[in-house]
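J.: Here's a structure for you.
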Amino acid sequence: MGRTLLLIVLASIGTIVSVPTMTTSTACDQPTKHYTTMGCIASEHRNDRGCPLSYDCHSLEDRQNDKCYLFGKVYSIGEQVPGEETASTCTALHTCVDDGQDRAYFIYAYMDCIEMIQPPNENCILQYQPNVCCSTSKICGQDIAQLATCNIDGKFYHEGQRMRTPSNPCRHCICSVDFEASDTDCNENCYEEKCTFEIHWTDSLAKGAAPVYLDGFCCPSSWRLPEETDKLVKGPNSSKDTSLECKYGNITLKVGDSVNDKDDVNRCTCTIPPMVHCS
């Protein structure tokens, strides 16, 4: 497939306590992608919502200005991120560079897939592969009838099409002959979405920003910086456990507490320490 690379430059820049494990089969209903993307380590223990009690993010405190960080890995000035690491993100050629003032940045390129420039004919179906940004081919006309179909929550797809799993927005699949909606964890045509906020929001991260999530999406849509007008809102079931707390600006929150901004637009809640997340 034809594709154009447009080079742009963007800036890069608690101890876990042992408590009884909660026995539960409930899948975690809280966003944790910001933790796993940055290489934070989950507690072995779970709360009654099926989520880790906390994450160990001490490695974030050791980040250096003359290094670049992506997906839990460290890159020195001049190093390039392996292409397979970012193939699914529609960006490529990530290289860690120095701005001359001891500050590291990623330079990278956007991928322009042919389907972004010229949408396919409505009688054609694009074919994709796992962890690849652009389509690799297309099937048209009567040949479409020869393709297998997949069903996720009543929505049908043809073989080769990308699919989202509503129950797990971070899990993407390519429709295949052997696809089973009940077993996406082991299917080789399914893969985890990667979040690139460490490229786009690293300045905010360094200043203690909190991830902002939208319903139904895997990655944070933005990052919110603490504000002087933020106010602590005690939760009705605020935890009394001082070993599990979130820090946001100058505010310390117990699990269950939240912070409201002056316009009541974002509510940032301490659900899984040490960071709050906003919605």
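FYI, nothing fancy with the structure tokens labels: chains A, B, ... in order, residues from 1 per chain, ligands from 1 as they appear.
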What residues in region 67-207 of chain A get the DSSP label strand (DSSP E)? Please answer as a count of residues only.
T.: 54
J.: Kindly provide the residues of region 65-169 of chain A that approach region 209-225 of chain A to within 10 Å, each paired with its closest atom pair and their distance in Å to one decimal, based on only C-alpha atoms, listed by chain and increasing number, as a tab-separated table.
T.:
residue	atom	partner	partner_atom	distance
A:Thr165	CA	A:Gly216	CA	9.9
A:Pro166	CA	A:Gly216	CA	7.3
A:Ser167	CA	A:Gly216	CA	8.8
A:Asn168	CA	A:Cys218	CA	8.1
A:Pro169	CA	A:Cys218	CA	5.1
J.: Restrict the selected residues to N, CA and C atoms and save them as a compact mmCIF listing (two decimals), in the first residue's frame.
T.:
# COMPACT_ATOMS: atom_id res chain seq x y z
N THR A 165 -13.60 -4.85 20.75
CA THR A 165 -14.36 -5.66 21.70
C THR A 165 -14.93 -4.73 22.77
N PRO A 166 -16.24 -4.47 22.75
CA PRO A 166 -16.84 -3.51 23.69
C PRO A 166 -16.52 -3.80 25.15
N SER A 167 -16.40 -5.07 25.51
CA SER A 167 -16.13 -5.41 26.91
C SER A 167 -14.69 -5.09 27.31
N ASN A 168 -13.80 -4.90 26.34
CA ASN A 168 -12.41 -4.57 26.61
C ASN A 168 -11.91 -3.64 25.52
N PRO A 169 -12.07 -2.31 25.70
CA PRO A 169 -11.71 -1.35 24.65
C PRO A 169 -10.24 -1.35 24.28
J.: Which residues are close to Asn121 (chain A), i.e. within 12 Å by only C-alpha atoms, leaving aside same-chain residues fewer than 6 positions away? Reply as a PDB file with N, CA, C and O atoms, in the first residue's frame.
T.:
ATOM      1  N   GLU A 115      -5.919   4.524   2.530  1.00  0.00           N
ATOM      2  CA  GLU A 115      -7.352   4.625   2.828  1.00  0.00           C
ATOM      3  C   GLU A 115      -7.703   5.930   3.547  1.00  0.00           C
ATOM      4  O   GLU A 115      -8.861   6.339   3.574  1.00  0.00           O
ATOM      5  N   LYS A 138      -7.245  -5.332  -0.432  1.00  0.00           N
ATOM      6  CA  LYS A 138      -8.699  -5.171  -0.359  1.00  0.00           C
ATOM      7  C   LYS A 138      -9.377  -6.261  -1.179  1.00  0.00           C
ATOM      8  O   LYS A 138      -8.818  -6.794  -2.134  1.00  0.00           O
ATOM      9  N   ILE A 139     -10.585  -6.600  -0.746  1.00  0.00           N
ATOM     10  CA  ILE A 139     -11.404  -7.590  -1.425  1.00  0.00           C
ATOM     11  C   ILE A 139     -12.653  -6.876  -1.939  1.00  0.00           C
ATOM     12  O   ILE A 139     -13.297  -6.127  -1.195  1.00  0.00           O
ATOM     13  N   CYS A 140     -13.007  -7.104  -3.185  1.00  0.00           N
ATOM     14  CA  CYS A 140     -14.109  -6.365  -3.784  1.00  0.00           C
ATOM     15  C   CYS A 140     -15.124  -7.290  -4.461  1.00  0.00           C
ATOM     16  O   CYS A 140     -14.828  -8.448  -4.792  1.00  0.00           O
ATOM     17  N   GLY A 141     -16.319  -6.746  -4.667  1.00  0.00           N
ATOM     18  CA  GLY A 141     -17.349  -7.397  -5.460  1.00  0.00           C
ATOM     19  C   GLY A 141     -17.775  -8.750  -4.937  1.00  0.00           C
ATOM     20  O   GLY A 141     -17.953  -8.966  -3.735  1.00  0.00           O
TER      21      GLY A 141
END
J.: Would you mind telling me which residue in A:Leu53, A:Ala109, A:Val74, A:Met116 lies nearest to Asp241 (chain A) when using only C-alpha atoms?
T.: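 Checking each candidate against Asp241 (chain A), we get A:Leu53 as the closest.
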J.: Grab the CA of Asn237 (chain A) to CA of Gly249 (chain A) distance for me, in Å with one decimal place.
T.: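 Between CA of Asn237 (chain A) and CA of Gly249 (chain A) the gap works out to 22.4 Å.
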J.: Using only C-alpha atoms, which protein or nucleic acid residues come within 12 Å of Pro236 (chain A)? Drop anything in the same chain fewer than 6 positions from it, and give the result as a PyMOL selection string.
T.: chain A and resi 254-258
J.: Residues at most 8 Å from region 187-203 of chain A, counting only C-alpha atoms, excluding those fewer than 5 positions away in the same chain, as a PyMOL selection string?
T.: chain A and resi 10-13+33+37-38+69-71+86+88-89+106+129-131+170-176+179+218-220+222-223
J.: Could you turn the residues from that selection into a file that holds N, CA, C and O atoms, as a compact mmCIF listing (two decimals), in the first residue's frame?
T.:
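Ended up saving to again.txt:
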# COMPACT_ATOMS: atom_id res chain seq x y z
N LEU A 10 7.98 16.65 18.03
CA LEU A 10 7.20 16.94 19.23
C LEU A 10 8.04 16.67 20.45
O LEU A 10 8.96 15.86 20.43
N ALA A 11 7.69 17.32 21.53
CA ALA A 11 8.48 17.18 22.74
C ALA A 11 8.28 15.82 23.39
O ALA A 11 7.19 15.28 23.42
N SER A 12 9.37 15.29 23.91
CA SER A 12 9.28 14.11 24.76
C SER A 12 9.74 14.53 26.15
O SER A 12 10.46 15.44 26.34
N ILE A 13 9.66 14.51 26.38
CA ILE A 13 10.51 14.81 27.50
C ILE A 13 11.03 13.49 28.16
O ILE A 13 11.73 12.87 27.38
N LYS A 33 -4.59 1.74 31.95
CA LYS A 33 -3.67 1.75 30.81
C LYS A 33 -2.51 2.72 31.02
O LYS A 33 -1.41 2.50 30.52
N THR A 37 1.22 1.21 30.58
CA THR A 37 2.01 1.80 29.51
C THR A 37 3.35 2.30 30.03
O THR A 37 4.39 2.14 29.36
N MET A 38 3.37 2.88 31.22
CA MET A 38 4.60 3.47 31.76
C MET A 38 5.44 2.46 32.54
O MET A 38 6.46 2.82 33.12
N TYR A 69 11.49 8.03 27.00
CA TYR A 69 10.81 6.88 27.59
C TYR A 69 9.57 6.53 26.78
O TYR A 69 8.78 7.41 26.41
N LEU A 70 9.41 5.23 26.52
CA LEU A 70 8.26 4.78 25.76
C LEU A 70 7.97 3.31 26.06
O LEU A 70 8.87 2.46 25.94
N PHE A 71 6.75 3.03 26.48
CA PHE A 71 6.29 1.67 26.75
C PHE A 71 7.19 0.92 27.74
O PHE A 71 7.50 -0.25 27.57
N THR A 86 6.04 0.40 17.46
CA THR A 86 5.05 1.44 17.18
C THR A 86 4.26 1.19 15.89
O THR A 86 3.53 2.07 15.45
N SER A 88 1.62 -0.35 15.17
CA SER A 88 0.16 -0.25 15.24
C SER A 88 -0.34 1.15 15.54
O SER A 88 -1.55 1.41 15.49
N THR A 89 0.56 2.09 15.84
CA THR A 89 0.15 3.43 16.28
C THR A 89 0.06 4.44 15.14
O THR A 89 -0.25 5.61 15.38
N PHE A 106 11.48 13.11 21.31
CA PHE A 106 11.28 12.14 20.24
C PHE A 106 10.92 12.90 18.97
O PHE A 106 10.05 13.77 18.97
N GLN A 129 -3.85 -6.58 9.11
CA GLN A 129 -3.12 -7.56 9.89
C GLN A 129 -2.93 -7.03 11.31
O GLN A 129 -2.94 -5.81 11.52
N PRO A 130 -2.77 -7.91 12.31
CA PRO A 130 -2.58 -7.44 13.69
C PRO A 130 -1.36 -6.55 13.83
O PRO A 130 -0.33 -6.78 13.19
N ASN A 131 -1.51 -5.49 14.63
CA ASN A 131 -0.40 -4.59 14.95
C ASN A 131 0.19 -3.88 13.74
O ASN A 131 1.36 -3.50 13.74
N CYS A 170 -9.38 -1.96 25.10
CA CYS A 170 -7.96 -2.01 24.78
C CYS A 170 -7.60 -3.22 23.91
O CYS A 170 -6.46 -3.35 23.46
N ARG A 171 -8.57 -4.08 23.67
CA ARG A 171 -8.31 -5.30 22.90
C ARG A 171 -8.90 -5.16 21.50
O ARG A 171 -10.10 -4.95 21.34
N HIS A 172 -8.06 -5.26 20.49
CA HIS A 172 -8.49 -5.18 19.10
C HIS A 172 -8.25 -6.52 18.42
O HIS A 172 -7.31 -7.24 18.75
N CYS A 173 -9.10 -6.85 17.47
CA CYS A 173 -8.98 -8.12 16.76
C CYS A 173 -9.16 -7.91 15.27
O CYS A 173 -9.80 -6.94 14.83
N ILE A 174 -8.61 -8.83 14.49
CA ILE A 174 -8.86 -8.91 13.07
C ILE A 174 -9.77 -10.11 12.85
O ILE A 174 -9.48 -11.21 13.33
N CYS A 175 -10.87 -9.92 12.15
CA CYS A 175 -11.79 -11.02 11.90
C CYS A 175 -11.07 -12.12 11.12
O CYS A 175 -10.41 -11.85 10.12
N SER A 176 -11.20 -13.34 11.60
CA SER A 176 -10.53 -14.47 10.98
C SER A 176 -11.45 -15.69 11.01
O SER A 176 -12.47 -15.71 11.72
N PHE A 179 -12.02 -17.10 14.56
CA PHE A 179 -12.31 -16.14 15.62
C PHE A 179 -13.44 -16.62 16.53
O PHE A 179 -14.48 -17.10 16.06
N CYS A 218 -9.70 3.20 25.20
CA CYS A 218 -8.62 2.55 25.94
C CYS A 218 -7.64 3.54 26.54
O CYS A 218 -7.30 3.47 27.71
N CYS A 219 -7.15 4.46 25.71
CA CYS A 219 -6.07 5.37 26.12
C CYS A 219 -6.63 6.69 26.66
O CYS A 219 -7.73 7.10 26.28
N PRO A 220 -5.87 7.36 27.53
CA PRO A 220 -6.30 8.69 27.98
C PRO A 220 -6.47 9.63 26.80
O PRO A 220 -5.66 9.62 25.87
N SER A 222 -6.54 12.94 27.18
CA SER A 222 -5.71 14.11 27.50
C SER A 222 -5.17 13.92 28.92
O SER A 222 -5.44 12.91 29.58
N TRP A 223 -4.40 14.91 29.38
CA TRP A 223 -3.84 14.88 30.73
C TRP A 223 -4.12 16.22 31.40
O TRP A 223 -3.87 17.29 30.81
J.: Taking only region 35-232 of chain A into account, list the residues labelled helix (DSSP H, G or I) by DSSP (computed from the backbone), as an mmCIF file with C-alpha atoms, in the first residue's frame.
T.:
data_model
loop_
_atom_site.group_PDB
_atom_site.id
_atom_site.type_symbol
_atom_site.label_atom_id
_atom_site.label_comp_id
_atom_site.auth_asym_id
_atom_site.auth_seq_id
_atom_site.Cartn_x
_atom_site.Cartn_y
_atom_site.Cartn_z
ATOM 1 C CA TYR A 35 0.026 2.519 34.607
ATOM 2 C CA THR A 36 0.770 -0.433 32.340
ATOM 3 C CA THR A 37 2.014 1.803 29.510
ATOM 4 C CA HIS A 58 8.734 4.586 41.752
ATOM 5 C CA SER A 59 10.556 4.142 38.442
ATOM 6 C CA LEU A 60 8.844 7.317 37.189
ATOM 7 C CA GLU A 61 10.662 9.338 39.840
ATOM 8 C CA GLY A 83 9.656 -0.274 14.204
ATOM 9 C CA GLU A 84 7.641 -3.173 15.602
ATOM 10 C CA GLU A 85 7.136 -1.259 18.869
ATOM 11 C CA THR A 86 5.050 1.444 17.176
ATOM 12 C CA ALA A 87 3.766 -0.281 14.016
ATOM 13 C CA SER A 88 0.157 -0.253 15.240
ATOM 14 C CA THR A 89 0.152 3.427 16.276
ATOM 15 C CA ILE A 114 -3.904 5.137 1.284
ATOM 16 C CA GLU A 115 -7.352 4.625 2.828
ATOM 17 C CA MET A 116 -6.930 7.879 4.767
ATOM 18 C CA ILE A 117 -6.354 9.769 1.522
ATOM 19 C CA GLY A 141 -17.349 -7.397 -5.460
ATOM 20 C CA GLN A 142 -18.414 -11.020 -5.525
ATOM 21 C CA ASP A 143 -15.211 -12.130 -3.784
ATOM 22 C CA ILE A 144 -16.568 -10.680 -0.522
ATOM 23 C CA ALA A 145 -19.075 -13.535 -0.313
ATOM 24 C CA GLN A 146 -16.170 -15.974 0.012
ATOM 25 C CA PHE A 197 0.933 9.732 25.521
ATOM 26 C CA GLU A 198 4.597 9.450 26.541
ATOM 27 C CA ILE A 199 5.353 11.199 23.250
ATOM 28 C CA HIS A 200 2.566 13.757 23.166
ATOM 29 C CA THR A 202 5.452 14.089 28.504
ATOM 30 C CA ASP A 203 5.735 17.707 29.671
ATOM 31 C CA SER A 204 2.407 17.348 31.463
ATOM 32 C CA LEU A 205 3.452 13.996 32.925
ATOM 33 C CA ALA A 206 6.563 15.589 34.395
#
J.: Could you work out how far CA of Gly39 (chain A) lies from CA of Lys67 (chain A), giving the answer in Å with one decimal?
T.: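 Interatomic distance here is 15.5 Å.
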